[in-house]
Amino acid sequence: MAGTVYITRREQFSAAHRLFKPELSDEENLKLFGKCSNPNWHGHNYVLEVVVAGEVNPATGFVMDLKELKEIVHKHVISKVDHKNLNVETDFMNGKIASSENIVIAIWNVLDKKIKHGKLYSVKLFETENNYFEYKGEE
């Protein structure tokens, strides 16, 4: 047995968001979320890493075809987030505070059942050079 191999697809997207709770005033949101609650939004150039784990298929030499992984990530995530406002234009963020923690969990939930070869291992979302968020599903 060859063991588990981890493959990663990296994508980039730019998106705006605002951290806020609609039931609070702008002043209360500012106190809770700081400048990230700006009523005029703010944005990031995100880097997304999707990691799939599995055994190598002897017939193909792949855990999964990276072209297929790219197509899945683009269709179900990138097309819905790139140059969008995550709070109002991204269906899988409806009703959620658009924190990076919630975004990375939402992306996992979108992709989890779409991966047919191997198993989704982790989703990493880099918000800045210094801050990233990783989710590995329910453990």
# chains A, B, ... in the order shown; residues from 1 in each chain; ligands from 1
$ residues_around --residues "range 40-46 of chain A" --least-positions-apart "5" --cutoff "10 Å" --atoms "only C-alpha atoms" --output "list in words"
Glu11, Gln12, Phe13, Ser14, Ala15, Ala16, His17, Arg18, Leu19, Lys35, Asp82, His83, Lys84, Asn85, Leu86, Asn87, Ser100, Leu125, Phe126, Glu127, Thr128, Glu129 and Tyr132 of chain A
$ residues_around --residues "range 62-71 of chain A" --least-positions-apart "5" --cutoff "7 Å" --atoms "only C-alpha atoms" --output "number ranges by chain"
A: 9, 54-57, 117-118
$ residues_around --residues "Tyr6 in chain A" --least-positions-apart "3" --cutoff "8 Å" --atoms "only C-alpha atoms" --output "list in words"
Val51, Val52, Ala53, Gly54 and Tyr121 of chain A
$ write_last_selection --atoms "N, CA and C atoms" --output "compact mmCIF listing (two decimals), in the first residue's frame"
# COMPACT_ATOMS: atom_id res chain seq x y z
N VAL A 51 -7.18 21.18 -0.30
CA VAL A 51 -6.33 20.00 -0.19
C VAL A 51 -7.20 18.75 -0.20
N VAL A 52 -6.86 17.82 -1.10
CA VAL A 52 -7.56 16.55 -1.22
C VAL A 52 -6.58 15.44 -0.86
N ALA A 53 -7.03 14.48 -0.06
CA ALA A 53 -6.20 13.36 0.36
C ALA A 53 -6.74 12.07 -0.23
N GLY A 54 -5.84 11.18 -0.56
CA GLY A 54 -6.28 9.87 -1.04
C GLY A 54 -5.10 9.01 -1.46
N TYR A 121 -9.59 17.19 2.41
CA TYR A 121 -8.81 17.13 3.64
C TYR A 121 -8.83 18.46 4.38
$ closest_residue --among "A:Leu48, A:Gly95, A:Asn109, A:Ser37" --to "Leu24 in chain A" --atoms "only C-alpha atoms"
A:Ser37
$ closest_residue --among "A:Leu30, A:Ala59, A:Val123, A:Val73" --to "Glu101 in chain A" --atoms "only C-alpha atoms"
A:Val123
$ closest_residue --among "A:Val110, A:Leu120, A:Cys36, A:Ile115" --to "Ile97 in chain A" --atoms "only C-alpha atoms"
A:Cys36
$ select_by_dssp --residues "range 54-136 of chain A" --states "helix (DSSP H, G or I)" --output "PyMOL selection string"
chain A and resi 66-81+91-93+100-114
$ atom_distance --atom1 "CA of Lys21 in chain A" --atom2 "CA of Lys96 in chain A"
9.1 Å
$ atom_distance --atom1 "CA of Ile78 in chain A" --atom2 "CA of Ser122 in chain A"
16.6 Å
$ select_by_dssp --residues "chain A" --states "strand (DSSP E)" --output "number ranges by chain"
A: 5-17, 42-54, 84-85, 119-126, 132-135
$ closest_residue --among "A:Asn130, A:Gly137, A:Phe20, A:Arg10" --to "His74 in chain A" --atoms "only C-alpha atoms"
A:Arg10
$ closest_residue --among "A:Pro58, A:Thr8, A:Ile103, A:Glu27" --to "Lys119 in chain A" --atoms "only C-alpha atoms"
A:Thr8
$ decode --residues "range 3-24 of chain A" --atoms "N, CA and C atoms" --output "PDB file, in the first residue's frame"
ATOM      1  N   GLY A   3      -0.046   4.413   0.671  1.00  0.00           N
ATOM      2  CA  GLY A   3      -0.369   5.412   1.683  1.00  0.00           C
ATOM      3  C   GLY A   3      -1.103   6.606   1.091  1.00  0.00           C
ATOM      4  N   THR A   4      -1.300   7.588   1.923  1.00  0.00           N
ATOM      5  CA  THR A   4      -2.077   8.768   1.550  1.00  0.00           C
ATOM      6  C   THR A   4      -1.183   9.838   0.941  1.00  0.00           C
ATOM      7  N   VAL A   5      -1.666  10.408  -0.160  1.00  0.00           N
ATOM      8  CA  VAL A   5      -1.003  11.540  -0.806  1.00  0.00           C
ATOM      9  C   VAL A   5      -1.951  12.726  -0.699  1.00  0.00           C
ATOM     10  N   TYR A   6      -1.401  13.908  -0.456  1.00  0.00           N
ATOM     11  CA  TYR A   6      -2.188  15.135  -0.330  1.00  0.00           C
ATOM     12  C   TYR A   6      -1.885  16.022  -1.531  1.00  0.00           C
ATOM     13  N   ILE A   7      -2.922  16.391  -2.264  1.00  0.00           N
ATOM     14  CA  ILE A   7      -2.746  17.288  -3.404  1.00  0.00           C
ATOM     15  C   ILE A   7      -3.445  18.614  -3.096  1.00  0.00           C
ATOM     16  N   THR A   8      -2.890  19.693  -3.607  1.00  0.00           N
ATOM     17  CA  THR A   8      -3.408  21.026  -3.290  1.00  0.00           C
ATOM     18  C   THR A   8      -3.631  21.818  -4.564  1.00  0.00           C
ATOM     19  N   ARG A   9      -4.785  22.457  -4.648  1.00  0.00           N
ATOM     20  CA  ARG A   9      -5.075  23.426  -5.704  1.00  0.00           C
ATOM     21  C   ARG A   9      -5.142  24.794  -5.054  1.00  0.00           C
ATOM     22  N   ARG A  10      -4.377  25.748  -5.592  1.00  0.00           N
ATOM     23  CA  ARG A  10      -4.355  27.111  -5.068  1.00  0.00           C
ATOM     24  C   ARG A  10      -5.055  28.016  -6.071  1.00  0.00           C
ATOM     25  N   GLU A  11      -5.929  28.861  -5.567  1.00  0.00           N
ATOM     26  CA  GLU A  11      -6.652  29.841  -6.377  1.00  0.00           C
ATOM     27  C   GLU A  11      -6.583  31.180  -5.678  1.00  0.00           C
ATOM     28  N   GLN A  12      -6.837  32.243  -6.427  1.00  0.00           N
ATOM     29  CA  GLN A  12      -6.891  33.580  -5.858  1.00  0.00           C
ATOM     30  C   GLN A  12      -8.204  34.226  -6.256  1.00  0.00           C
ATOM     31  N   PHE A  13      -8.715  35.072  -5.373  1.00  0.00           N
ATOM     32  CA  PHE A  13      -9.889  35.860  -5.709  1.00  0.00           C
ATOM     33  C   PHE A  13      -9.881  37.135  -4.881  1.00  0.00           C
ATOM     34  N   SER A  14     -10.552  38.132  -5.398  1.00  0.00           N
ATOM     35  CA  SER A  14     -10.704  39.407  -4.703  1.00  0.00           C
ATOM     36  C   SER A  14     -12.167  39.577  -4.368  1.00  0.00           C
ATOM     37  N   ALA A  15     -12.444  40.006  -3.137  1.00  0.00           N
ATOM     38  CA  ALA A  15     -13.837  40.152  -2.728  1.00  0.00           C
ATOM     39  C   ALA A  15     -13.951  41.189  -1.618  1.00  0.00           C
ATOM     40  N   ALA A  16     -15.129  41.784  -1.551  1.00  0.00           N
ATOM     41  CA  ALA A  16     -15.448  42.736  -0.491  1.00  0.00           C
ATOM     42  C   ALA A  16     -16.337  42.058   0.544  1.00  0.00           C
ATOM     43  N   HIS A  17     -16.289  42.576   1.754  1.00  0.00           N
ATOM     44  CA  HIS A  17     -17.201  42.096   2.792  1.00  0.00           C
ATOM     45  C   HIS A  17     -17.259  43.121   3.908  1.00  0.00           C
ATOM     46  N   ARG A  18     -18.168  42.875   4.801  1.00  0.00           N
ATOM     47  CA  ARG A  18     -18.298  43.711   5.999  1.00  0.00           C
ATOM     48  C   ARG A  18     -18.644  42.798   7.160  1.00  0.00           C
ATOM     49  N   LEU A  19     -17.949  42.964   8.258  1.00  0.00           N
ATOM     50  CA  LEU A  19     -18.298  42.236   9.471  1.00  0.00           C
ATOM     51  C   LEU A  19     -19.301  43.083  10.240  1.00  0.00           C
ATOM     52  N   PHE A  20     -20.497  42.562  10.370  1.00  0.00           N
ATOM     53  CA  PHE A  20     -21.523  43.293  11.107  1.00  0.00           C
ATOM     54  C   PHE A  20     -22.690  42.376  11.425  1.00  0.00           C
ATOM     55  N   LYS A  21     -23.440  42.799  12.419  1.00  0.00           N
ATOM     56  CA  LYS A  21     -24.693  42.137  12.773  1.00  0.00           C
ATOM     57  C   LYS A  21     -25.791  43.152  12.471  1.00  0.00           C
ATOM     58  N   PRO A  22     -26.730  42.814  11.600  1.00  0.00           N
ATOM     59  CA  PRO A  22     -27.734  43.788  11.166  1.00  0.00           C
ATOM     60  C   PRO A  22     -28.603  44.328  12.297  1.00  0.00           C
ATOM     61  N   GLU A  23     -28.729  43.568  13.362  1.00  0.00           N
ATOM     62  CA  GLU A  23     -29.571  44.028  14.475  1.00  0.00           C
ATOM     63  C   GLU A  23     -28.882  45.077  15.343  1.00  0.00           C
ATOM     64  N   LEU A  24     -27.584  45.306  15.109  1.00  0.00           N
ATOM     65  CA  LEU A  24     -26.841  46.306  15.874  1.00  0.00           C
ATOM     66  C   LEU A  24     -26.699  47.597  15.077  1.00  0.00           C
TER      67      LEU A  24
END
